[in-house]
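Asks: What follows is a structure written as structure tokens; I'll ask about it next.
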Amino acid sequence: MPRHRYGGGLPGIVLLSCAVGLFAPGGASADPVAANTPVPLALSPPMGFNNWARFMCVPQTPLDGRSPQKYSFQDFMTDQGRGLVSTGLARVGYKTVVVDDCWMQRDGDGQLYGASHWSSPRHGNSTQPGFARDLTPYVADLHRMGLLAGVYNTSGALTCERVPSGEAGHQNDDARKFSGWGVDFLKLDNCGAPETSLEGLFGQMGHALGAATAHSDRKILFDESAPAEFGPTDPLKYQSMQWVRGLGQMWRVAPDIATTRLDAQGHPMDDPWVVHDPARASLDGVYQAFTDTVALSRYVGPGNWNDADQLLPGDNGLTTAEERSQMGLWSIMGAPLVLSADVRRMARAPDDPHLKQSLAILGNPRAIAIDQDTLGAGGYRILRDNPSDDAGTDIALKPLADGGFAFLVLNKNAQAATYDLPMSRLGIEGGQQCPLALTDVWTGKVTHVAANGTVSLRMEPHDNAMYRVAPAACMSLKPSGQITTVQAAFGRPPLCVDASRGDHVMTAACSASPAQQWVLPDTRAEGPIHNAAFAGKCLELDTETGQVRMAACHAGAVTQTFRYHLNGTLSAAGSCLDVAGAAVNFPGERIMTAKCIAWRVSEIFSAPHHASPAE
């Protein structure tokens with residue numbers, strides 16, 4: 001059974017003005033130079049196509065009357081590339097065509113070649129042809145179309161489909177072959193390797209790519225899946241977030257995204273928006289993938305991208321509203337935009353109402369501009385007002401390079417809903433005389449609202465409202481929203497830090513309570529933490545008892561002077577906030593102070609931030 005898979009592409013070029021405002025360009029903490037290249041790569045989130053989520057290793061038939069028995073895996077991938085060009089998706093940035101598992105075979109000489117047949121040991125053999133042994137002509141075809149070429153492999157001996165062609169022991173030879181073929185992108189999965197060896201295996205591959213391309217102008221973007229191997233309560237997950245950033249440019253952080261299963265008549269059997277089927281518990285629905293990925297948004301910056309897995313707009317079973325929400329959520333997070341749908345069908349059926357809307361969503365220039373924004377900040381969740389995946393509202397915000405920001409309000413309900421959003425909920429400070437210009441990402445319509453005003457929204461089931469807010473000199477924006485613990489498991493809601501009691505702070509199910517709305521110091525600065533329910537009070541550590549409480553603010557008090565760190569810790573007075581008893585899965589546990597211990601999951605929190613915090 002496959003473990004965690006991921007895909008990617010190289011960034012489309014989006015030119016944005018870099019006006020001085022609330023967020024200065026370069027504000028995100030990132031190292032765009034990694035072991036696999038001495039030059040920066042992926043300064044904006046990668047974009048492209050990957051066949052896995054939609055097709056896996058299942059042979060497909062041509063759409064133009066060619067004989068299925070002569071229709072190769074290579075033909076199929078080339079056709080998807082042609083579809084990206086003819087639909088205009090390549091023009092707006094979807095340029096990298098990544099072939100996933102089953103494209104390869106390793107012969108007796110130990111060398112990697114294109115597989116002779118489109119098949120896998122796990123799904124059975126096929127008589128349809130696979131790839132040419134030498135991928136040079138295939139890669140050249142993509143390059144002639146203005147596209148880039150990506151390939152897949154895994155860190156162990158067997159791929160996730162059990163093809164005996166993994167990278168273990170072959171990193172240097174394969175890296176030289178990839179470079180010789182002209183490959184632009186390598187996706188490296190986890191299968192076939194013990195967890196304890198992942199850092200070494202991924203490190204060997206990253207350095208092998210760097211050596212193989214040292215004298216070439218064509219560098220290979222390295223897409224790693226190491227963090228996805230470890231669950232949210234495993235300290236190894238957060239340790240791996242440190243070393244993957246020095247090796248490559250993007251990394252999967254959670255399970256595969258689910259696509260709908262079809263019955264014998266071709267009708268959907270379940271919903272890829274949220275996976276409820278226990279038999280598919282190893283997969284994330286779209287909303288669950290957002291929950292898993294936004295928890296790590298502090299790691300995002302130019303050359304450093306959390307991969308939330310593939311986009312599903314098209315023929316994957318989502319409604320148009322759900323497709324719009326996935327595109328919005330991925331863009332607000334600054335996630336790679338990697339499509340996995342039948343682009344051939346999109347190109348051949350321009351009048352299909354659903355596919356036409358799917359193309360418009362994927363090509364929305366305002367959403368793409370937010371995703372590709374040059375600041376490279378990771379969007380964070382301000383509010384989850386209900387722990388359910390199927391009820392309530394979420395709000396997320398992303399700072400932008402021009403000094404403005406974007407925000408998204410998500411309706412999780414299965415029915416239409418209205419929502420009145422006070423602009424102050426976003427962390428905005430400004431009065432009635434401070435008008436803000438809001439551009440609707442989906443319609444382009446511009447409206448104006450006072451900085452202390454309210455926006456009334458109506459959203460269809462699983463739909464969203466998404467706006468870009470222009471910078472304004474009369475407005476300031478503070479990192480504001482919920483502080484959450486690590487999740488109990490993939491796809492599970494986190495708990496929120498709650499100050500309702502005042503005399504002590506505890507964990508609670510996330511809600512719209514003002515006692516869960518925190519205002520933090522500016523990112524990379526230290527200072528007091530305020531709470532919306534306690535005017536004039538600050539979060540304070542009691543160094544004698546270890547208690548954490550709300551107390552009257554005292555300027556400069558070390559017990560009220562906090563710093564948020566990249567590893568997720570919140571520290572003051574030489575101590576870290578800690579969930580008592582390490583009981584991160586249980587509401588009602590006290591937040592205490594404790595000695596800061598590296599990778600202790602009870603000391604790791606997701607908090608509002610306007611750039612990646614310092615190490």
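All residue names refer to the structure tokens as shown: chains lettered A, B, ... in order, residues numbered from 1 in each chain, ligands numbered from 1 in order.
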Could you list, as a PDB file with C-alpha atoms, in the first residue's frame, every residue within 7 Å of Trp181 in chain A, counting only C-alpha atoms and ignoring same-chain residues fewer than 5 positions away?
Replies:
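Result file is part-v1.pdb:
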```pdb
ATOM      1  CA  LEU A 135      13.758   9.449 -21.521  1.00  0.00           C
ATOM      2  CA  THR A 136      15.724  12.075 -23.450  1.00  0.00           C
ATOM      3  CA  VAL A 139      11.841  15.253 -21.908  1.00  0.00           C
TER       4      VAL A 139
END
```
Asks: Counting only C-alpha atoms, what is within 10 Å of Arg344 in chain A, bar same-chain residues fewer than 3 positions away, as a count of residues only?
Replies: 16
Asks: Can you list, as a ChimeraX atom specification, every protein, DNA or RNA residue that comes within 6 Å of range 406-418 of chain A when you count only C-alpha atoms, leaving out same-chain residues fewer than 6 positions away?
Replies: /A:390-398,457-469
Asks: Could those selected residues go to a file with N, CA, C and O atoms, as a CSV table (one decimal), in the first residue's frame?
Replies:
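This went into result-v5.csv:
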```
chain,number,residue,atom,x,y,z
A,390,ASP,N,-17.4,19.2,9.4
A,390,ASP,CA,-18.6,19.4,8.6
A,390,ASP,C,-19.6,20.5,9.1
A,390,ASP,O,-20.7,20.6,8.6
A,391,ALA,N,-19.1,21.3,9.9
A,391,ALA,CA,-19.9,22.4,10.5
A,391,ALA,C,-19.0,23.6,10.9
A,391,ALA,O,-17.9,23.4,11.3
A,392,GLY,N,-19.6,24.8,10.8
A,392,GLY,CA,-18.9,26.0,11.2
A,392,GLY,C,-18.2,26.7,10.2
A,392,GLY,O,-18.3,26.5,9.0
A,393,THR,N,-17.2,27.5,10.6
A,393,THR,CA,-16.5,28.5,9.7
A,393,THR,C,-15.1,28.5,10.1
A,393,THR,O,-14.7,28.4,11.3
A,394,ASP,N,-14.2,28.5,9.1
A,394,ASP,CA,-12.8,28.8,9.3
A,394,ASP,C,-12.4,30.1,8.6
A,394,ASP,O,-13.0,30.5,7.6
A,395,ILE,N,-11.4,30.8,9.2
A,395,ILE,CA,-10.9,32.0,8.6
A,395,ILE,C,-9.3,31.9,8.5
A,395,ILE,O,-8.7,31.4,9.5
A,396,ALA,N,-8.7,32.2,7.4
A,396,ALA,CA,-7.3,32.1,7.2
A,396,ALA,C,-6.8,33.4,6.6
A,396,ALA,O,-7.6,34.1,5.9
A,397,LEU,N,-5.6,33.8,6.8
A,397,LEU,CA,-5.0,35.1,6.4
A,397,LEU,C,-3.6,34.9,5.9
A,397,LEU,O,-2.8,34.1,6.5
A,398,LYS,N,-3.2,35.6,4.8
A,398,LYS,CA,-1.9,35.6,4.3
A,398,LYS,C,-1.4,37.0,4.0
A,398,LYS,O,-2.0,37.7,3.3
A,457,LEU,N,-21.2,38.2,4.5
A,457,LEU,CA,-20.9,37.3,3.5
A,457,LEU,C,-22.0,36.2,3.4
A,457,LEU,O,-22.6,35.8,4.5
A,458,ARG,N,-22.2,35.7,2.2
A,458,ARG,CA,-23.1,34.6,2.0
A,458,ARG,C,-22.4,33.6,1.2
A,458,ARG,O,-21.9,33.9,0.1
A,459,MET,N,-22.3,32.3,1.7
A,459,MET,CA,-21.5,31.3,1.0
A,459,MET,C,-22.3,30.0,0.8
A,459,MET,O,-23.1,29.6,1.7
A,460,GLU,N,-22.2,29.4,-0.4
A,460,GLU,CA,-22.8,28.1,-0.6
A,460,GLU,C,-22.1,27.0,0.2
A,460,GLU,O,-21.1,27.2,0.8
A,461,PRO,N,-22.7,25.8,0.2
A,461,PRO,CA,-22.1,24.7,0.9
A,461,PRO,C,-20.7,24.5,0.5
A,461,PRO,O,-20.4,24.4,-0.7
A,462,HIS,N,-19.8,24.4,1.5
A,462,HIS,CA,-18.3,24.1,1.2
A,462,HIS,C,-17.7,25.2,0.3
A,462,HIS,O,-16.6,24.9,-0.2
A,463,ASP,N,-18.3,26.3,0.2
A,463,ASP,CA,-17.8,27.4,-0.6
A,463,ASP,C,-17.0,28.4,0.3
A,463,ASP,O,-17.0,28.2,1.6
A,464,ASN,N,-16.5,29.4,-0.3
A,464,ASN,CA,-15.7,30.4,0.5
A,464,ASN,C,-15.9,31.8,0.0
A,464,ASN,O,-16.3,32.0,-1.2
A,465,ALA,N,-15.5,32.7,0.8
A,465,ALA,CA,-15.4,34.1,0.3
A,465,ALA,C,-13.9,34.5,0.5
A,465,ALA,O,-13.3,34.2,1.6
A,466,MET,N,-13.3,35.0,-0.5
A,466,MET,CA,-11.8,35.3,-0.5
A,466,MET,C,-11.6,36.7,-1.0
A,466,MET,O,-12.1,37.0,-2.1
A,467,TYR,N,-10.8,37.5,-0.3
A,467,TYR,CA,-10.6,38.8,-0.6
A,467,TYR,C,-9.1,39.2,-0.5
A,467,TYR,O,-8.4,38.7,0.4
A,468,ARG,N,-8.7,40.1,-1.4
A,468,ARG,CA,-7.4,40.7,-1.3
A,468,ARG,C,-7.6,42.2,-0.8
A,468,ARG,O,-8.4,42.9,-1.3
A,469,VAL,N,-6.9,42.5,0.3
A,469,VAL,CA,-7.1,43.8,0.9
A,469,VAL,C,-5.9,44.7,0.6
A,469,VAL,O,-4.7,44.3,0.8
```
Asks: With only C-alpha atoms as the basis for distance, which of A:Cys474, A:Ala115, A:Ala551, A:Ile220 is at the shortest distance from Arg501 in chain A?
Replies: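 Among A:Cys474, A:Ala115, A:Ala551, A:Ile220, it is A:Ala551 that comes nearest to Arg501 in chain A.
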Asks: Fewer than 4 positions away in the same chain doesn't count, so skip those; otherwise give me all residues within 12 Å of Met327 in chain A, counting only C-alpha atoms, as an NGL selection string.
Replies: :A and (286-287 or 290 or 308-314 or 318 or 320-323 or 331-339 or 358-371 or 408 or 410 or 441-442 or 463-466)
Asks: Quick one: everything within 7 Å of Ala572 in chain A, counting only C-alpha atoms, minus sequence neighbours fewer than 6 positions away in the same chain. Send it as a PyMOL selection string.
Replies: chain A and resi 558-563
Asks: Using only C-alpha atoms, find the one residue out of A:Leu112, A:Met423, A:Ile382, A:Ala437 that sits nearest to Ala512 in chain A.
Replies: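 Of A:Leu112, A:Met423, A:Ile382, A:Ala437, the one nearest Ala512 in chain A, counting only C-alpha atoms, is A:Ile382.
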Asks: Name all residues at most 8 Å from range 602-604 of chain A (count only C-alpha atoms; drop same-chain ones fewer than 5 positions away) and give them as a ChimeraX atom specification.
Replies: /A:485-486,567-570,576-580,582-584,596-597
Asks: Taking into account only C-alpha atoms, which residue in the set A:Gly444, A:Gly481, A:Gly574, A:Gly182 is nearest to Leu147 in chain A?
Replies: A:Gly182
